[in-house]
Amino acid sequence: MGVYENAPKVYVDADGRADGLFVRLLDSIARREHWDIEYVSCEWAQCLQDLRDGRLDLMPDVALSETREGFFAFHQIPVVQGWSQIYAAPHSGFSSLGAVGSGRIAVLEGSVQEAHLREVRSRDPDLEFGLATFSNLEAVLASVSQGTAEAAVSNNFYGRQHARAHGLVETPITFGQVGLYYAAAPGAQDGRLDLIDAYLERWKSLAGSPYQQALDATLLAEESPGLPRWVGWTLLVGVVLVAFLAVAGGVLRWQVRRRTRELQAANQRLEHVLDSGPAVIYQLDASDFQPLWVSPNIERLFGIDPASAMRPGWWEQQLHPEDRKAALRENDRLLEDGELVREFRLFDGWGKLRHVRDEMRLVPGGHSGQEIVGSWIDLTASMEQEEQLRQMSHFDARTGLPNRALLQDRLGHTVERAMADEEARWIVLMDLDRFRNVNETLGTAAGDIVLQGIAQRLSQMLLPQDTVARIGADEFCLVVESPPDTPIQEFVEQLMTTLRSPFEVAGRSLVLTASVGVARFPSDGQTRDELLTAAELAMQASRLRGGDSWSLYEPEMGALTEQRLFLENDLRQAIQNDEFVLHFQPQFHLGTGDCVGVEALVRWNHPRRGMVSPAEFIPLAEETGLIQAIDRWVLEAACRQLAAWDQHGMPVPMIAVNLSARELHDEQLVASVRDTLERFSIRPERLEVELTETMIMEYPEQALAVLRRLSALGVHLAMDDFGSGYSNLAHLRRLPLHRLKVDQSLVRDIGRSRHNESIIRAIIALAEALELDLIAEGVENESQREFLLKEGCAIGQGFLLGRPASAEDLFR
C-alpha cells in the first residue's frame, strides 16, 4: 500500500512507520484476515501513477470522482467524509475565488482540488487566479509564507492540523465534499475491497470498534498530548502500596479520568461539527432576543466576527430594509407558537446579500426561564441556481428571448384574454431561409451574432405586451396581443423588409430572408395548439414556394398536409413491401438507329393509388432522407436486370441510373457500387451514374472526390439536365465526366427558338472541346432528330425513339 504525507489520515511518523486513520484501520483488518502489508512511501501523484500501473495494490485516502472511477476500483462505503478548504494569511479578505484576483493558489499535484479549480476557472471567464502545483501538502501550505502563492488549498483534516503552523487561517471558501476510500489497482477482483466494505459496515456503528478507536486516535485526537502512560502506572502502584482502602479511591479516579477523556472526545466532536458544519448555531435570550452565544463558524460562512455578532441590535442592522419589518413581527409569533421557520435576506461581513433560512425554537433555560436556540442555513447558492435553472428552462441562451416552453405558457394566457375580451390576436411563425449556410460558412459565432440581431429587430417592432420567442435553431414566433390598425399584409411586409436589411458579420454583409406563416384568432383557431398548428401549416406553404414569402392560413392547408403525411408513411413502407418498379427508356444512335444503352427510371406502384408520379414522391423522399434507400434499390434492381438480359441473350450495352445529392455525402457509396457490380458480374464501364449539375456544383470539392473514386472504379459518369442551370466551366474541366446530357427543355424548342438552338450548338462545341460524349433528352419529332444529328449530337432518347417500358416490354 502506498503512503504519502497527509496527517492525520495517513503519514510516516518520526520512527519511519506508517500511521494515520487509514493505516490503523487497515492494520486491524489485516490482523483478522492474515494479510501481509508492505507500506511504500511515495509522493501523491507518483502514488496514483504506481497504482494505475499495477506497482501498488492499494492506495488510501483517495477521493472518489468520475474520472478516477475509470482508472481505479473502489469499495462502496466511504471511510470518512471530507471537503476542500482554502487557507490564506489572516486579514487576506478572500471570501470567494474571484477575490483572489490574478493571484496564485497552491494545490497538490494530481488532486481532486486541482481538477475542480481548473474546471471552475474554465467555466467562468471572470476568474483570473493561477495554480501552483506541489508534490506534497507540506509544500502546498508553506508556499504562502514563501511568497510563491497567495492562498493554499488542502483537505479539511490536514489543514485543520497544520495550517496554523504556517501562519494560515481558514477562508470561507470551501468546495467538493467527497467520500474518501481505499483505491485498488485497475480491474482488481480479488475480494479485498468487498472485505473492507464488510468491516466498515460492521465497525462504523459499533462503539469501541477498531474503526472508532482509529478515529479517536487520529482525527479526533487531542492536539496537546496528555500525561505519559507511566505516570498512571506509578500512581496506581503508589495507591496499591499505600493501603488497601485506597484501592477504591484509585478506581474512582481512573473512572473519572476515563469519563473526562470521553467528555473531551465528545467535546472535540461537537467543536468539529460546529466549526466545519454548514449551519450557524446560536442562542438568544427569549425576553429581549439579545444574543447569548453564536457558533464560531459564522466567521467562515458569513465573514462576521463572532464578537460583532454578539452586539445588541447587530442582527437588525444587517437585515435587508425590505425584510426588517416582517422579521421583527415574526419574533412575536415565535413566542406564541414555540417554533418558527422563516427566510430573510441580510448583508454578510463582506457586503454581499445572502438568502438565509432561519429555524428557531423555544427551550427551557436562562434567567427568564426560556431561551431560543436557532440555526442559519445559507440558501444563496441554491436560490441562484434556482434562478439560473428558471432562466435556462424558460429563455433561449443565445438570444435571451422566451423559448418554446415559455411561449406555450404565454400563448395560453393570450388565448384566455382573447376569449374574455373577444379581440383579435395574431400568431406569426418565421423560419429563416438557409440559415444553416451561415453556420457552415462563417461558424456558429457568426450565426449567434445574426440570431441576436434578428431578436433585437423583432423586439423593436413589437409593443412591450407582445411576445417574441425563439422556438428552434432558426425559427421565431411572434404573439401580437394588440394588432395594429393597418392590414395584416402591411405588417408582415414591414416585418420581412426589416429582416432583409443586411447584417455586418465577420467583415461581410449578409442578407437573410424568411418563410413566414400567419394565423389569426379566432378565425384560424381558438386554442393554443390550433393557432400554432395553423401558423405552422402557413409557414410550410411559404417554405414550399422557395422562401422569402409569407402565407395566411387557409383551411385547405391542413388537408394537403394530411395527404402528404399519409403519402410519407406509405413511402417508408414502399421498399419493404416491394412496391417500386423500374421502367427503362432506350438510348439510340440518331443516324444508325442502334441501341447504345437504356436509362433506368423508378416508378412507385402504390397499392391503392396506382402509379405515383416521380415528381410527387422523389422530392418527398429527398426531404425525408428516404432517397438514399431508393437510390440503392434502383442500383441493385438495374444491375440485376442487366445481368438477366445478358443471361437471356438480349444484351444491352449500358444502363444509366440516377443518384441524389445525398449520395455525395455517403462515404460508403463507392464501396456499395463496387459490391453490386461484382455480385452481378457486370463490368464497371457498362454502368453510367447520372448526377445533375446543380447537385455537383453545390459541394464541388466533395463531389469531385466522390466522382474521381467512381471513375477510378471504371464507372461512367454523366451530367444530367445540362444547360438548365449554371455551370462553372473551370470546375467542369476538373470533373472526371464521360458524357453530358442536353436538357429536354432546350431540345423541346428546336425549330421554335433560335436562342435555344444556339445554346445547343454551344453545348455540342463544349462537349467536343472537353472530349465528352453527348446525348440529347426529350427527342419527340423528326425535325429535332435531324437538327441534332446535323449539328453533331449523335445520341438521343425520347418518345420519338422509344417510350419508357417495363423490362418485359422493352424489346418488343
# chains A, B, ... in the order shown; residues from 1 in each chain; ligands from 1

call {"tool": "select_by_dssp", "arguments": {"residues": "region 253-386 of chain A", "states": "strand (DSSP E)", "output": "PyMOL selection string"}}
result
chain A and resi 279-285+291-294+339-347+353-364+370-378

call {"tool": "residues_around", "arguments": {"residues": "Gly802 (chain A)", "least_positions_apart": "6", "cutoff": "9 Å", "atoms": "only C-alpha atoms", "output": "list in words"}}
result
Gln585, Pro586, Gln587, Phe588 and Leu810 of chain A

call {"tool": "select_by_dssp", "arguments": {"residues": "region 503-625 of chain A", "states": "helix (DSSP H, G or I)", "output": "PyMOL selection string"}}
result
chain A and resi 528-544+556-574+614-624

call {"tool": "atom_distance", "arguments": {"atom1": "CA of Leu774 (chain A)", "atom2": "CA of Leu737 (chain A)"}}
result
10.9 Å

call {"tool": "residues_around", "arguments": {"residues": "Leu362 (chain A)", "least_positions_apart": "3", "cutoff": "10 Å", "atoms": "only C-alpha atoms", "output": "MDAnalysis selection string"}}
result
chainID A and resid 283:286 334:340 365 370:374

call {"tool": "residues_around", "arguments": {"residues": "region 496-503 of chain A", "least_positions_apart": "4", "cutoff": "10 Å", "atoms": "only C-alpha atoms", "output": "list in words"}}
result
Met430, Leu432, Ile449, Val450, Gly453, Ile454, Arg457, Leu458, Met461, Glu490, Phe491, Val492, Gly507, Arg508, Ser509, Leu510, Val511, Leu512, Thr513, Ala514, Ser515, Val516, Asp548, Ser549 and Trp550 of chain A

call {"tool": "residues_around", "arguments": {"residues": "region 696-711 of chain A", "least_positions_apart": "3", "cutoff": "7 Å", "atoms": "only C-alpha atoms", "output": "ChimeraX atom specification"}}
result
/A:664,670,692-693,714-716,735-736

call {"tool": "residues_around", "arguments": {"residues": "region 675-685 of chain A", "least_positions_apart": "5", "cutoff": "12 Å", "atoms": "only C-alpha atoms", "output": "JSON, numbers by chain"}}
result
{"A": [597, 632, 633, 634, 635, 636, 637, 638, 639, 640, 641, 642, 643, 644, 645, 646, 647, 651, 652, 653, 654, 655, 656, 668, 669, 670, 710, 711, 712, 713, 714, 715, 716, 717, 738]}

call {"tool": "write_last_selection", "arguments": {"atoms": "N, CA, C and O atoms", "output": "compact mmCIF listing (two decimals), in the first residue's frame"}}
result
# COMPACT_ATOMS: atom_id res chain seq x y z
N GLY A 597 -27.77 1.96 -75.18
CA GLY A 597 -27.97 1.81 -73.75
C GLY A 597 -29.39 2.10 -73.35
O GLY A 597 -30.25 2.43 -74.19
N ARG A 632 -30.27 3.15 -53.64
CA ARG A 632 -29.61 1.86 -53.54
C ARG A 632 -30.49 0.74 -54.14
O ARG A 632 -30.00 -0.20 -54.74
N TRP A 633 -31.82 0.87 -53.94
CA TRP A 633 -32.71 -0.13 -54.54
C TRP A 633 -32.63 -0.07 -56.06
O TRP A 633 -32.59 -1.11 -56.74
N VAL A 634 -32.64 1.16 -56.62
CA VAL A 634 -32.56 1.32 -58.07
C VAL A 634 -31.26 0.73 -58.60
O VAL A 634 -31.24 0.01 -59.62
N LEU A 635 -30.13 1.01 -57.93
CA LEU A 635 -28.84 0.48 -58.37
C LEU A 635 -28.86 -1.04 -58.37
O LEU A 635 -28.43 -1.70 -59.34
N GLU A 636 -29.38 -1.63 -57.31
CA GLU A 636 -29.45 -3.09 -57.20
C GLU A 636 -30.35 -3.68 -58.28
O GLU A 636 -29.99 -4.64 -58.97
N ALA A 637 -31.56 -3.10 -58.45
CA ALA A 637 -32.52 -3.64 -59.40
C ALA A 637 -32.04 -3.48 -60.84
O ALA A 637 -32.23 -4.37 -61.69
N ALA A 638 -31.38 -2.35 -61.16
CA ALA A 638 -30.88 -2.11 -62.51
C ALA A 638 -29.79 -3.12 -62.87
O ALA A 638 -29.78 -3.69 -63.98
N CYS A 639 -28.85 -3.35 -61.95
CA CYS A 639 -27.77 -4.31 -62.22
C CYS A 639 -28.32 -5.73 -62.32
O CYS A 639 -27.85 -6.54 -63.15
N ARG A 640 -29.31 -6.05 -61.51
CA ARG A 640 -29.90 -7.39 -61.57
C ARG A 640 -30.57 -7.60 -62.94
O ARG A 640 -30.46 -8.66 -63.55
N GLN A 641 -31.28 -6.53 -63.42
CA GLN A 641 -31.97 -6.67 -64.71
C GLN A 641 -30.98 -6.76 -65.86
O GLN A 641 -31.17 -7.53 -66.81
N LEU A 642 -29.87 -5.99 -65.77
CA LEU A 642 -28.86 -6.05 -66.82
C LEU A 642 -28.27 -7.46 -66.91
O LEU A 642 -28.06 -8.00 -68.01
N ALA A 643 -28.01 -8.06 -65.76
CA ALA A 643 -27.49 -9.44 -65.73
C ALA A 643 -28.52 -10.42 -66.29
O ALA A 643 -28.16 -11.40 -66.98
N ALA A 644 -29.81 -10.18 -66.00
CA ALA A 644 -30.86 -11.08 -66.51
C ALA A 644 -30.95 -11.00 -68.03
O ALA A 644 -31.13 -12.02 -68.72
N TRP A 645 -30.86 -9.79 -68.61
CA TRP A 645 -30.86 -9.65 -70.07
C TRP A 645 -29.68 -10.41 -70.69
O TRP A 645 -29.82 -11.06 -71.72
N ASP A 646 -28.52 -10.27 -70.06
CA ASP A 646 -27.35 -10.98 -70.57
C ASP A 646 -27.59 -12.49 -70.59
O ASP A 646 -27.23 -13.21 -71.54
N GLN A 647 -28.24 -12.97 -69.55
CA GLN A 647 -28.46 -14.40 -69.40
C GLN A 647 -29.43 -14.93 -70.46
O GLN A 647 -29.33 -16.08 -70.90
N PRO A 651 -28.53 -8.72 -74.95
CA PRO A 651 -27.53 -7.83 -74.34
C PRO A 651 -27.88 -6.35 -74.54
O PRO A 651 -28.29 -5.94 -75.63
N VAL A 652 -27.73 -5.60 -73.48
CA VAL A 652 -27.87 -4.14 -73.50
C VAL A 652 -26.49 -3.57 -73.22
O VAL A 652 -25.87 -3.92 -72.21
N PRO A 653 -25.97 -2.70 -74.09
CA PRO A 653 -24.58 -2.25 -73.90
C PRO A 653 -24.32 -1.56 -72.56
O PRO A 653 -23.28 -1.77 -71.93
N MET A 654 -25.27 -0.76 -72.11
CA MET A 654 -25.00 0.04 -70.90
C MET A 654 -26.33 0.40 -70.26
O MET A 654 -27.36 0.52 -70.95
N ILE A 655 -26.32 0.58 -68.93
CA ILE A 655 -27.52 1.02 -68.20
C ILE A 655 -27.15 2.23 -67.36
O ILE A 655 -26.08 2.28 -66.74
N ALA A 656 -28.02 3.25 -67.37
CA ALA A 656 -27.77 4.50 -66.63
C ALA A 656 -28.74 4.59 -65.47
O ALA A 656 -29.93 4.28 -65.62
N GLN A 668 -19.80 5.44 -48.10
CA GLN A 668 -19.94 4.04 -48.49
C GLN A 668 -20.44 3.87 -49.92
O GLN A 668 -20.65 2.75 -50.38
N LEU A 669 -20.68 5.00 -50.65
CA LEU A 669 -21.26 4.90 -51.99
C LEU A 669 -20.38 4.07 -52.92
O LEU A 669 -20.86 3.14 -53.59
N VAL A 670 -19.08 4.39 -53.00
CA VAL A 670 -18.20 3.71 -53.94
C VAL A 670 -18.12 2.22 -53.61
O VAL A 670 -18.18 1.37 -54.51
N LEU A 710 -15.33 6.99 -58.19
CA LEU A 710 -16.19 6.20 -59.05
C LEU A 710 -15.54 6.00 -60.42
O LEU A 710 -15.60 4.91 -61.00
N SER A 711 -14.91 7.07 -60.95
CA SER A 711 -14.26 6.97 -62.25
C SER A 711 -13.09 5.99 -62.19
O SER A 711 -12.86 5.21 -63.12
N ALA A 712 -12.35 6.03 -61.09
CA ALA A 712 -11.24 5.09 -60.93
C ALA A 712 -11.74 3.65 -60.89
O ALA A 712 -11.03 2.72 -61.28
N LEU A 713 -12.97 3.46 -60.42
CA LEU A 713 -13.56 2.13 -60.39
C LEU A 713 -13.89 1.64 -61.80
O LEU A 713 -14.00 0.44 -62.04
N GLY A 714 -14.03 2.59 -62.76
CA GLY A 714 -14.36 2.24 -64.13
C GLY A 714 -15.78 2.60 -64.52
O GLY A 714 -16.19 2.41 -65.67
N VAL A 715 -16.58 3.13 -63.57
CA VAL A 715 -17.96 3.51 -63.85
C VAL A 715 -17.97 4.77 -64.70
O VAL A 715 -17.17 5.69 -64.49
N HIS A 716 -18.89 4.86 -65.69
CA HIS A 716 -19.04 6.06 -66.49
C HIS A 716 -19.90 7.08 -65.73
O HIS A 716 -20.84 6.72 -65.02
N LEU A 717 -19.56 8.37 -65.93
CA LEU A 717 -20.25 9.45 -65.21
C LEU A 717 -20.86 10.41 -66.22
O LEU A 717 -20.20 10.80 -67.19
N HIS A 738 -17.81 11.57 -68.41
CA HIS A 738 -17.72 10.88 -69.69
C HIS A 738 -18.77 11.41 -70.67
O HIS A 738 -18.58 11.31 -71.89

call {"tool": "atom_distance", "arguments": {"atom1": "CA of Lys204 (chain A)", "atom2": "CA of Val178 (chain A)"}}
result
17.7 Å

call {"tool": "residues_around", "arguments": {"residues": "Pro402 (chain A)", "least_positions_apart": "6", "cutoff": "10 Å", "atoms": "only C-alpha atoms", "output": "tab-separated table (two decimals) with all heavy atoms, in the first residue's frame"}}
result
chain	number	residue	atom	x	y	z
A	391	GLN	N	-34.11	30.47	-15.67
A	391	GLN	CA	-33.70	31.19	-16.87
A	391	GLN	C	-33.42	30.20	-18.01
A	391	GLN	O	-33.82	30.42	-19.15
A	391	GLN	CB	-32.45	32.02	-16.57
A	391	GLN	CG	-32.03	32.98	-17.66
A	391	GLN	CD	-32.91	34.20	-17.74
A	391	GLN	OE1	-33.66	34.47	-16.82
A	391	GLN	NE2	-32.82	34.94	-18.84
A	392	MET	N	-32.73	29.10	-17.67
A	392	MET	CA	-32.39	28.12	-18.70
A	392	MET	C	-33.63	27.40	-19.24
A	392	MET	O	-33.69	27.07	-20.42
A	392	MET	CB	-31.39	27.10	-18.14
A	392	MET	CG	-30.03	27.67	-17.83
A	392	MET	SD	-29.00	26.50	-16.93
A	392	MET	CE	-28.96	25.13	-18.07
A	393	SER	N	-34.61	27.15	-18.37
A	393	SER	CA	-35.78	26.38	-18.79
A	393	SER	C	-36.82	27.23	-19.50
A	393	SER	O	-37.72	26.68	-20.13
A	393	SER	CB	-36.42	25.70	-17.56
A	393	SER	OG	-36.85	26.67	-16.63
A	394	HIS	N	-36.73	28.56	-19.39
A	394	HIS	CA	-37.75	29.42	-19.99
A	394	HIS	C	-37.21	30.39	-21.03
A	394	HIS	O	-38.01	31.02	-21.73
A	394	HIS	CB	-38.46	30.22	-18.90
A	394	HIS	CG	-39.36	29.38	-18.02
A	394	HIS	ND1	-38.89	28.73	-16.91
A	394	HIS	CD2	-40.67	29.06	-18.12
A	394	HIS	CE1	-39.88	28.07	-16.34
A	394	HIS	NE2	-40.97	28.24	-17.05
A	395	PHE	N	-35.88	30.55	-21.13
A	395	PHE	CA	-35.34	31.53	-22.05
A	395	PHE	C	-34.24	30.91	-22.90
A	395	PHE	O	-33.51	30.03	-22.44
A	395	PHE	CB	-34.79	32.75	-21.29
A	395	PHE	CG	-35.86	33.57	-20.63
A	395	PHE	CD1	-36.26	33.29	-19.33
A	395	PHE	CD2	-36.48	34.62	-21.30
A	395	PHE	CE1	-37.25	34.03	-18.71
A	395	PHE	CE2	-37.47	35.37	-20.69
A	395	PHE	CZ	-37.86	35.07	-19.39
A	396	ASP	N	-34.12	31.39	-24.11
A	396	ASP	CA	-33.10	30.93	-25.04
A	396	ASP	C	-31.74	31.49	-24.64
A	396	ASP	O	-31.62	32.70	-24.41
A	396	ASP	CB	-33.47	31.37	-26.46
A	396	ASP	CG	-32.39	31.02	-27.46
A	396	ASP	OD1	-31.99	29.85	-27.50
A	396	ASP	OD2	-31.93	31.93	-28.18
A	408	GLN	N	-45.39	28.60	-24.91
A	408	GLN	CA	-46.63	27.85	-24.70
A	408	GLN	C	-47.43	28.44	-23.54
A	408	GLN	O	-48.65	28.58	-23.62
A	408	GLN	CB	-46.29	26.38	-24.40
A	408	GLN	CG	-45.66	25.62	-25.56
A	408	GLN	CD	-46.70	25.04	-26.50
A	408	GLN	OE1	-47.89	25.16	-26.26
A	408	GLN	NE2	-46.26	24.44	-27.59
A	410	ARG	N	-47.26	31.60	-22.29
A	410	ARG	CA	-47.76	32.93	-22.61
A	410	ARG	C	-48.90	32.86	-23.62
A	410	ARG	O	-49.86	33.62	-23.54
A	410	ARG	CB	-46.62	33.80	-23.13
A	410	ARG	CG	-45.61	34.18	-22.05
A	410	ARG	CD	-44.64	35.22	-22.57
A	410	ARG	NE	-43.68	35.61	-21.54
A	410	ARG	CZ	-42.72	36.51	-21.72
A	410	ARG	NH1	-42.59	37.10	-22.90
A	410	ARG	NH2	-41.89	36.81	-20.73
A	467	THR	N	-45.07	39.26	-27.54
A	467	THR	CA	-44.03	38.26	-27.23
A	467	THR	C	-43.26	37.91	-28.49
A	467	THR	O	-43.86	37.66	-29.54
A	467	THR	CB	-44.65	36.98	-26.64
A	467	THR	OG1	-45.25	37.30	-25.38
A	467	THR	CG2	-43.58	35.91	-26.41
A	468	VAL	N	-41.93	37.88	-28.37
A	468	VAL	CA	-41.06	37.34	-29.41
A	468	VAL	C	-40.32	36.16	-28.80
A	468	VAL	O	-39.66	36.31	-27.76
A	468	VAL	CB	-40.04	38.38	-29.93
A	468	VAL	CG1	-39.20	37.78	-31.04
A	468	VAL	CG2	-40.75	39.63	-30.42
A	469	ALA	N	-40.41	34.98	-29.39
A	469	ALA	CA	-39.79	33.77	-28.84
A	469	ALA	C	-38.97	33.09	-29.92
A	469	ALA	O	-39.29	33.15	-31.11
A	469	ALA	CB	-40.85	32.81	-28.30
A	470	ARG	N	-37.87	32.47	-29.48
A	470	ARG	CA	-37.08	31.60	-30.38
A	470	ARG	C	-37.43	30.17	-30.02
A	470	ARG	O	-37.16	29.71	-28.91
A	470	ARG	CB	-35.58	31.85	-30.21
A	470	ARG	CG	-34.74	30.99	-31.17
A	470	ARG	CD	-33.27	31.24	-30.99
A	470	ARG	NE	-32.48	30.39	-31.88
A	470	ARG	CZ	-31.39	29.74	-31.51
A	470	ARG	NH1	-30.92	29.85	-30.29
A	470	ARG	NH2	-30.73	29.00	-32.38
A	471	ILE	N	-38.00	29.44	-30.99
A	471	ILE	CA	-38.54	28.11	-30.69
A	471	ILE	C	-37.79	27.00	-31.42
A	471	ILE	O	-38.18	25.84	-31.34
A	471	ILE	CB	-40.03	28.05	-31.04
A	471	ILE	CG1	-40.25	28.35	-32.52
A	471	ILE	CG2	-40.82	29.00	-30.16
A	471	ILE	CD1	-41.69	28.17	-32.96
A	476	PHE	N	-38.58	31.53	-35.23
A	476	PHE	CA	-39.05	32.51	-34.27
A	476	PHE	C	-40.58	32.55	-34.31
A	476	PHE	O	-41.19	32.24	-35.35
A	476	PHE	CB	-38.51	33.91	-34.58
A	476	PHE	CG	-37.02	34.04	-34.40
A	476	PHE	CD1	-36.14	33.62	-35.39
A	476	PHE	CD2	-36.49	34.56	-33.23
A	476	PHE	CE1	-34.77	33.74	-35.23
A	476	PHE	CE2	-35.12	34.67	-33.05
A	476	PHE	CZ	-34.26	34.26	-34.05
A	477	CYS	N	-41.18	32.92	-33.20
A	477	CYS	CA	-42.64	33.04	-33.11
A	477	CYS	C	-42.99	34.38	-32.48
A	477	CYS	O	-42.39	34.77	-31.46
A	477	CYS	CB	-43.24	31.89	-32.30
A	477	CYS	SG	-45.05	31.96	-32.21

call {"tool": "closest_residue", "arguments": {"among": "A:Ser672, A:Gln212, A:Gln526, A:Ser551", "to": "Glu493 (chain A)", "atoms": "only C-alpha atoms"}}
result
A:Ser551

call {"tool": "closest_residue", "arguments": {"among": "A:Phe521, A:Phe157, A:Phe617, A:Trp44", "to": "Ser111 (chain A)", "atoms": "only C-alpha atoms"}}
result
A:Trp44
